[in-house]
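Below: one structure, written as structure tokens.
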Amino acid sequence: MRVEDFDMFATLLKQRSGLVLTKDKAYLLESRLMPVARKWNMKGLDELATTVRTRKDEALLRDITEAMTTNESSFFRDTKPFDQFRQVVLPAFLSARAAKRQIRIWSAACSSGQEAYSLAMLLQDEATRTAGWRIDIVGTDISAEMVERAKSGIYTQFEVQRGLPIQMLVKHFKQMGDKWQINPNLRQMVSFREWNLLQDLGGLGQFDIVFCRNVLIYFDQPTKGRVLEAIARIMAPDGVLYLGGAETVLGITDRFKPVDGQRGLYTLSSGPGFNAGSLKAAG
């Protein structure tokens with residue numbers, strides 16, 4: 001790939017998705033964009049690059065962006081955050097929201113929906129404690145294709161084998177030939193929407209719990225700060241934010257601070273913040 005073409009694609013992806021693509025990832029660009037070129041009946045990446053420069057076709061730009069955004073996900077990925085949610089965070093919010101009996105959860109950059117459905121499974125298993133509550137789970141992703149996959153709730157044998165305990169597979173899925181589909185009652189617990197984290201997040205409403213894990217690692221520092229600032233604006237004053245194990249707010253924004261004793265969990269620096277006392281008691 002020509003240097004000028006790589007630079008053009010990298011700039012395009014940064015503007016549209018926040019993804020930072022370094023030159024050592026040229027192989028990734030080539031492998032993921034060749035199928036896009038073939039879909040559009042182009043001979044190769046040279047023709048694709050020329051077309052992008054000369055014809056601002058939104059459908060083509062969308063295909064390029066979706067091809068390059070990472071869609072890695074699995075059920076109960078990394079395990080610990082879900083144990084923490086069940087044992088610590090959920091009990092604390094059931095106490096803090098006892099009067100309102102409503103909790104909103106956001107799975108940002110949800111890919112094909114495994115994180116959101118993992119949370120739905122945990123909540124379904126806690127049905128006796130959450131009876132009479134309204135708990136909304138919203139999953140968003142930049143990729144229209146991934147959002148449609150998430151809505152269908154259909155996964156391959158390989159996907160359900162990654163992190164999903166067999167008892168949960170039997171309890172919450174129905175086999176469809178060589179694939180598995182999430183049961184309707186769980187699909188109804190989650191709504192999925194196409195949304196770009198670089199856009200205004202206000203239309204999503206306010207959230208008590210935000211999962212934004214393994215997303216910031218793909219952004220540069222200014223974009224990380226911009227996304228965290230936007231998330232802070234739509235969080236409840238005592239809300240919590242989950243980041244990935246390799247991610248932090250330190251040195252990026254002063255809008256969040258780590259929750260004492262709870263790795264990967266953050267709360268707003270201003271206002272009342274999350275009730276750390278109830279966290280420790282619940283743990």
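The chains in the structure tokens are called A, B, ... from first to last as shown; in each chain the residues are counted from 1, and the ligands are counted from 1 in the order shown.
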
Inset, instruction - May I have the residues within 9 Å of region 68-85 of chain A as a PyMOL selection string, using only C-alpha atoms and disregarding those fewer than 6 positions away in the same chain? - result: chain A and resi 13+17+19+28-29+32-33+91+109-119+122+142-143+146+159-164+242+244-245+262-265+283

Please write the residues from the selection above to a file, keeping N, CA and C atoms, as a short mmCIF file (atom, residue, chain, number, x, y, z; two decimals), in the first residue's frame.
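File written: result_35.cif
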```
data_model
loop_
_atom_site.label_atom_id
_atom_site.label_comp_id
_atom_site.auth_asym_id
_atom_site.auth_seq_id
_atom_site.Cartn_x
_atom_site.Cartn_y
_atom_site.Cartn_z
N LEU A 13 -10.27 7.18 9.30
CA LEU A 13 -10.72 6.37 10.43
C LEU A 13 -10.65 7.13 11.73
N SER A 17 -14.14 7.44 13.65
CA SER A 17 -14.32 6.48 14.75
C SER A 17 -13.42 6.73 15.94
N LEU A 19 -10.41 5.79 16.01
CA LEU A 19 -9.38 4.75 15.93
C LEU A 19 -8.06 5.33 15.44
N LEU A 28 -2.98 -4.86 8.69
CA LEU A 28 -4.36 -4.97 9.15
C LEU A 28 -5.29 -4.19 8.24
N LEU A 29 -4.84 -3.01 7.86
CA LEU A 29 -5.62 -2.18 6.94
C LEU A 29 -5.84 -2.92 5.63
N ARG A 32 -8.26 -6.05 5.98
CA ARG A 32 -9.66 -5.76 6.27
C ARG A 32 -10.34 -4.95 5.16
N LEU A 33 -9.55 -4.20 4.39
CA LEU A 33 -10.16 -3.38 3.34
C LEU A 33 -10.27 -4.09 2.00
N PRO A 91 -25.84 -5.00 44.33
CA PRO A 91 -26.43 -4.81 45.66
C PRO A 91 -26.40 -3.36 46.13
N ALA A 109 -19.85 0.52 22.90
CA ALA A 109 -19.07 -0.26 21.94
C ALA A 109 -19.31 -1.75 22.18
N CYS A 110 -20.59 -2.13 22.10
CA CYS A 110 -21.03 -3.46 22.55
C CYS A 110 -20.74 -4.57 21.56
N SER A 111 -20.23 -4.24 20.37
CA SER A 111 -19.95 -5.24 19.35
C SER A 111 -21.21 -6.07 19.08
N SER A 112 -21.10 -7.39 19.10
CA SER A 112 -22.25 -8.24 18.78
C SER A 112 -23.10 -8.60 19.99
N GLY A 113 -22.90 -7.89 21.11
CA GLY A 113 -23.86 -7.94 22.20
C GLY A 113 -23.56 -8.86 23.37
N GLN A 114 -22.40 -9.54 23.36
CA GLN A 114 -22.14 -10.51 24.42
C GLN A 114 -22.08 -9.89 25.81
N GLU A 115 -21.48 -8.71 25.93
CA GLU A 115 -21.39 -8.07 27.25
C GLU A 115 -22.78 -7.73 27.78
N ALA A 116 -23.60 -7.12 26.94
CA ALA A 116 -24.95 -6.73 27.37
C ALA A 116 -25.77 -7.95 27.77
N TYR A 117 -25.68 -9.02 26.98
CA TYR A 117 -26.44 -10.23 27.32
C TYR A 117 -25.88 -10.93 28.55
N SER A 118 -24.58 -10.83 28.78
CA SER A 118 -24.01 -11.39 30.01
C SER A 118 -24.62 -10.72 31.23
N LEU A 119 -24.77 -9.39 31.16
CA LEU A 119 -25.40 -8.65 32.25
C LEU A 119 -26.86 -9.05 32.40
N LEU A 122 -27.06 -12.33 34.26
CA LEU A 122 -26.85 -12.15 35.70
C LEU A 122 -28.10 -11.58 36.37
N ILE A 142 -20.78 1.38 16.89
CA ILE A 142 -20.66 2.19 15.67
C ILE A 142 -21.07 1.40 14.43
N SER A 143 -21.00 0.07 14.52
CA SER A 143 -21.25 -0.79 13.37
C SER A 143 -22.71 -1.20 13.28
N MET A 146 -22.98 -5.00 13.39
CA MET A 146 -22.87 -5.58 14.72
C MET A 146 -24.16 -5.37 15.53
N GLU A 159 -18.59 -19.07 19.50
CA GLU A 159 -18.85 -17.88 20.33
C GLU A 159 -19.44 -18.24 21.68
N VAL A 160 -20.33 -19.22 21.73
CA VAL A 160 -20.92 -19.57 23.02
C VAL A 160 -19.97 -20.38 23.88
N GLN A 161 -18.95 -20.96 23.28
CA GLN A 161 -17.96 -21.71 24.05
C GLN A 161 -16.94 -20.79 24.72
N ARG A 162 -16.88 -19.54 24.29
CA ARG A 162 -15.89 -18.60 24.83
C ARG A 162 -16.46 -17.90 26.06
N GLY A 163 -16.17 -18.42 27.24
CA GLY A 163 -16.53 -17.75 28.48
C GLY A 163 -17.90 -18.03 29.04
N LEU A 164 -18.74 -18.72 28.29
CA LEU A 164 -20.11 -18.96 28.74
C LEU A 164 -20.20 -20.31 29.44
N TYR A 242 -17.11 1.34 34.33
CA TYR A 242 -16.18 0.23 34.18
C TYR A 242 -15.25 0.50 32.99
N GLY A 244 -11.52 -1.17 30.99
CA GLY A 244 -10.78 -2.41 30.85
C GLY A 244 -9.57 -2.46 31.76
N GLY A 245 -9.02 -3.64 31.92
CA GLY A 245 -7.90 -3.82 32.83
C GLY A 245 -6.67 -3.02 32.47
N GLN A 262 -11.63 -1.30 44.38
CA GLN A 262 -12.37 -1.95 43.30
C GLN A 262 -11.68 -1.66 41.97
N ARG A 263 -10.83 -2.57 41.55
CA ARG A 263 -10.06 -2.36 40.32
C ARG A 263 -10.96 -2.24 39.10
N GLY A 264 -10.65 -1.26 38.25
CA GLY A 264 -11.38 -1.07 37.01
C GLY A 264 -12.68 -0.31 37.15
N LEU A 265 -12.99 0.14 38.38
CA LEU A 265 -14.26 0.82 38.64
C LEU A 265 -13.99 2.27 39.02
N GLY A 283 -19.33 -6.09 49.49
CA GLY A 283 -18.28 -7.00 49.08
C GLY A 283 -17.94 -7.99 50.15
#
```

Inset, instruction - List every residue of region 66-278 of chain A that DSSP, applied to the backbone, labels as strand (DSSP E or B), and write the result as a PyMOL selection string. - result: chain A and resi 102-107+134-141+154-156+173-176+179-182+190-194+207-211+235-242+256-258+265-268

Test item, helix (DSSP H, G or I) assignment across region 54-190 of chain A, answer as a short mmCIF file (atom, residue, chain, number, x, y, z; two decimals) with C-alpha atoms, in the first residue's frame:
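See selection.cif below for the written result:
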```cif
data_model
loop_
_atom_site.label_atom_id
_atom_site.label_comp_id
_atom_site.auth_asym_id
_atom_site.auth_seq_id
_atom_site.Cartn_x
_atom_site.Cartn_y
_atom_site.Cartn_z
CA THR A 54 -12.86 11.55 -5.58
CA GLU A 58 -21.30 7.70 2.62
CA ALA A 59 -22.15 4.02 2.18
CA LEU A 60 -18.57 3.30 1.10
CA LEU A 61 -17.10 5.31 3.98
CA ARG A 62 -19.36 3.41 6.39
CA ASP A 63 -18.17 0.06 5.01
CA ILE A 64 -14.55 1.12 5.45
CA THR A 65 -15.14 2.29 9.01
CA GLU A 66 -17.04 -0.85 10.00
CA ALA A 67 -14.38 -3.10 8.47
CA MET A 68 -11.67 -1.46 10.58
CA LYS A 80 -13.89 -10.32 37.33
CA PRO A 81 -16.00 -7.29 36.29
CA PHE A 82 -19.10 -9.50 36.17
CA ASP A 83 -18.38 -11.03 39.59
CA GLN A 84 -17.88 -7.48 40.85
CA PHE A 85 -21.17 -6.40 39.28
CA ARG A 86 -23.14 -9.25 40.86
CA GLN A 87 -21.52 -9.24 44.30
CA VAL A 88 -20.75 -5.55 44.82
CA VAL A 89 -22.23 -3.04 42.39
CA LEU A 90 -25.74 -4.44 41.91
CA PRO A 91 -26.43 -4.81 45.66
CA ALA A 92 -25.20 -1.26 46.25
CA PHE A 93 -27.53 0.12 43.58
CA LEU A 94 -30.48 -1.95 44.75
CA SER A 95 -30.01 -0.19 48.07
CA ALA A 96 -29.34 3.28 46.64
CA GLN A 114 -22.14 -10.51 24.42
CA GLU A 115 -21.39 -8.07 27.25
CA ALA A 116 -24.95 -6.73 27.37
CA TYR A 117 -26.44 -10.23 27.32
CA SER A 118 -24.01 -11.39 30.01
CA LEU A 119 -25.40 -8.65 32.25
CA ALA A 120 -28.95 -9.65 31.33
CA MET A 121 -28.20 -13.26 32.33
CA LEU A 122 -26.85 -12.15 35.70
CA LEU A 123 -29.92 -9.99 36.29
CA GLN A 124 -32.25 -12.81 35.25
CA ASP A 125 -30.55 -15.05 37.80
CA ALA A 127 -34.89 -12.08 39.50
CA THR A 128 -36.14 -12.55 43.05
CA ARG A 129 -34.12 -9.55 44.24
CA THR A 130 -35.05 -7.35 41.29
CA ALA A 144 -24.75 -1.23 11.96
CA GLU A 145 -23.89 -4.83 11.13
CA MET A 146 -22.87 -5.58 14.72
CA VAL A 147 -26.01 -3.93 16.11
CA GLU A 148 -28.21 -6.10 13.90
CA ARG A 149 -26.28 -9.21 14.99
CA ALA A 150 -26.73 -8.22 18.63
CA LYS A 151 -30.47 -7.72 18.16
CA SER A 152 -30.80 -11.20 16.66
CA GLN A 157 -20.84 -22.71 18.66
CA PHE A 158 -17.40 -21.10 18.91
CA GLU A 159 -18.85 -17.88 20.33
CA VAL A 160 -20.92 -19.57 23.02
CA GLN A 161 -17.96 -21.71 24.05
CA ILE A 166 -22.51 -24.65 30.11
CA GLN A 167 -25.32 -24.27 32.65
CA MET A 168 -25.99 -20.72 31.38
CA LEU A 169 -25.98 -21.93 27.77
CA VAL A 170 -28.60 -24.56 28.57
CA LYS A 171 -30.69 -22.14 30.67
CA HIS A 172 -30.64 -19.02 28.49
CA PRO A 184 -36.73 -14.05 23.95
CA ASN A 185 -37.10 -12.96 27.59
CA LEU A 186 -33.42 -11.98 27.67
CA ARG A 187 -33.52 -10.28 24.28
#
```

Legend entry - Leu243 (chain A) environment, 6 Å, only C-alpha atoms, sequence neighbours closer than 4 positions dropped, as a ChimeraX atom specification: /A:212-213,247,264

For the residues in the current selection, export C-alpha atoms as a CSV table (one decimal), in the first residue's frame.
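And here's out21.csv as it stands now:
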```
chain,number,residue,atom,x,y,z
A,212,CYS,CA,-16.8,1.1,28.4
A,213,ARG,CA,-14.2,-1.6,28.5
A,247,GLU,CA,-7.2,1.4,30.9
A,264,GLY,CA,-11.4,-1.1,37.0
```

Inset, instruction - Just the residues within 7 Å of region 135-138 of chain A, please, counting only C-alpha atoms, with nothing from its chain fewer than 6 positions along; format it as a list in words. - result: Gln102, Ile103, Arg104, Ile105, Trp106, Ser107, Ala116, Met189, Val190, Ser191 and Phe192 of chain A

Kindly save the residues from that selection, with C-alpha atoms included, as a PDB file, in the first residue's frame.
```pdb
ATOM      1  CA  GLN A 102     -34.993   1.825  38.411  1.00  0.00           C
ATOM      2  CA  ILE A 103     -31.441   1.279  37.122  1.00  0.00           C
ATOM      3  CA  ARG A 104     -30.041   2.085  33.672  1.00  0.00           C
ATOM      4  CA  ILE A 105     -26.953   0.294  32.355  1.00  0.00           C
ATOM      5  CA  TRP A 106     -24.995   1.146  29.203  1.00  0.00           C
ATOM      6  CA  SER A 107     -22.745  -1.272  27.313  1.00  0.00           C
ATOM      7  CA  ALA A 116     -24.946  -6.728  27.367  1.00  0.00           C
ATOM      8  CA  MET A 189     -34.187  -6.958  28.488  1.00  0.00           C
ATOM      9  CA  VAL A 190     -31.658  -5.298  26.160  1.00  0.00           C
ATOM     10  CA  SER A 191     -32.087  -2.613  23.520  1.00  0.00           C
ATOM     11  CA  PHE A 192     -29.393  -2.047  20.903  1.00  0.00           C
TER      12      PHE A 192
END
```

Inset, instruction - Mind giving me the straight-line distance from CA of Asp254 (chain A) to CA of Gly205 (chain A) in Å, one decimal? - result: 22.2 Å

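Among A:Arg233, A:Lys174, A:Lys100, A:Lys56, the residue with the shortest atom-to-atom distance to Gly202 (chain A), counting only C-alpha atoms, is A:Arg233.
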
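Nearest to Gln206 (chain A) of all the residues A:Ile182, A:Leu228, A:Ile234, A:Met34 is A:Ile234, based on only C-alpha atoms.
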
Legend entry - Distance in Å - CA of Val215 (chain A) versus CA of Asp141 (chain A): 11.0 Å

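Proximity of A:Gly239, A:Asp220, A:Phe274, A:Gly225 to Lys14 (chain A), computed with only C-alpha atoms, is greatest for A:Asp220.
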
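Near Leu241 (chain A), within 8 Å and counting only C-alpha atoms, sit Ile209, Val210, Phe211, Cys212, Leu265, Tyr266 and Thr267 of chain A; same-chain residues fewer than 5 positions away were not included.
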
Dump as an mmCIF file, in the first residue's frame, selection limited to N, CA and C atoms:
```cif
data_model
loop_
_atom_site.group_PDB
_atom_site.id
_atom_site.type_symbol
_atom_site.label_atom_id
_atom_site.label_comp_id
_atom_site.auth_asym_id
_atom_site.auth_seq_id
_atom_site.Cartn_x
_atom_site.Cartn_y
_atom_site.Cartn_z
ATOM 1 N N ILE A 209 -24.864 2.923 35.537
ATOM 2 C CA ILE A 209 -23.700 2.053 35.388
ATOM 3 C C ILE A 209 -23.296 2.051 33.916
ATOM 4 N N VAL A 210 -22.019 2.333 33.656
ATOM 5 C CA VAL A 210 -21.522 2.376 32.280
ATOM 6 C C VAL A 210 -20.367 1.387 32.127
ATOM 7 N N PHE A 211 -20.490 0.503 31.155
ATOM 8 C CA PHE A 211 -19.398 -0.393 30.776
ATOM 9 C C PHE A 211 -18.781 0.158 29.492
ATOM 10 N N CYS A 212 -17.545 0.607 29.578
ATOM 11 C CA CYS A 212 -16.818 1.091 28.399
ATOM 12 C C CYS A 212 -15.432 0.440 28.445
ATOM 13 N N LEU A 265 -12.988 0.137 38.384
ATOM 14 C CA LEU A 265 -14.259 0.821 38.641
ATOM 15 C C LEU A 265 -13.988 2.274 39.019
ATOM 16 N N TYR A 266 -14.743 3.189 38.398
ATOM 17 C CA TYR A 266 -14.521 4.624 38.598
ATOM 18 C C TYR A 266 -15.845 5.310 38.892
ATOM 19 N N THR A 267 -15.756 6.422 39.612
ATOM 20 C CA THR A 267 -16.931 7.225 39.908
ATOM 21 C C THR A 267 -16.610 8.683 39.626
#
```

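A straight line drawn from CA of Asp7 (chain A) to CA of Val36 (chain A) is 17.9 Å long.
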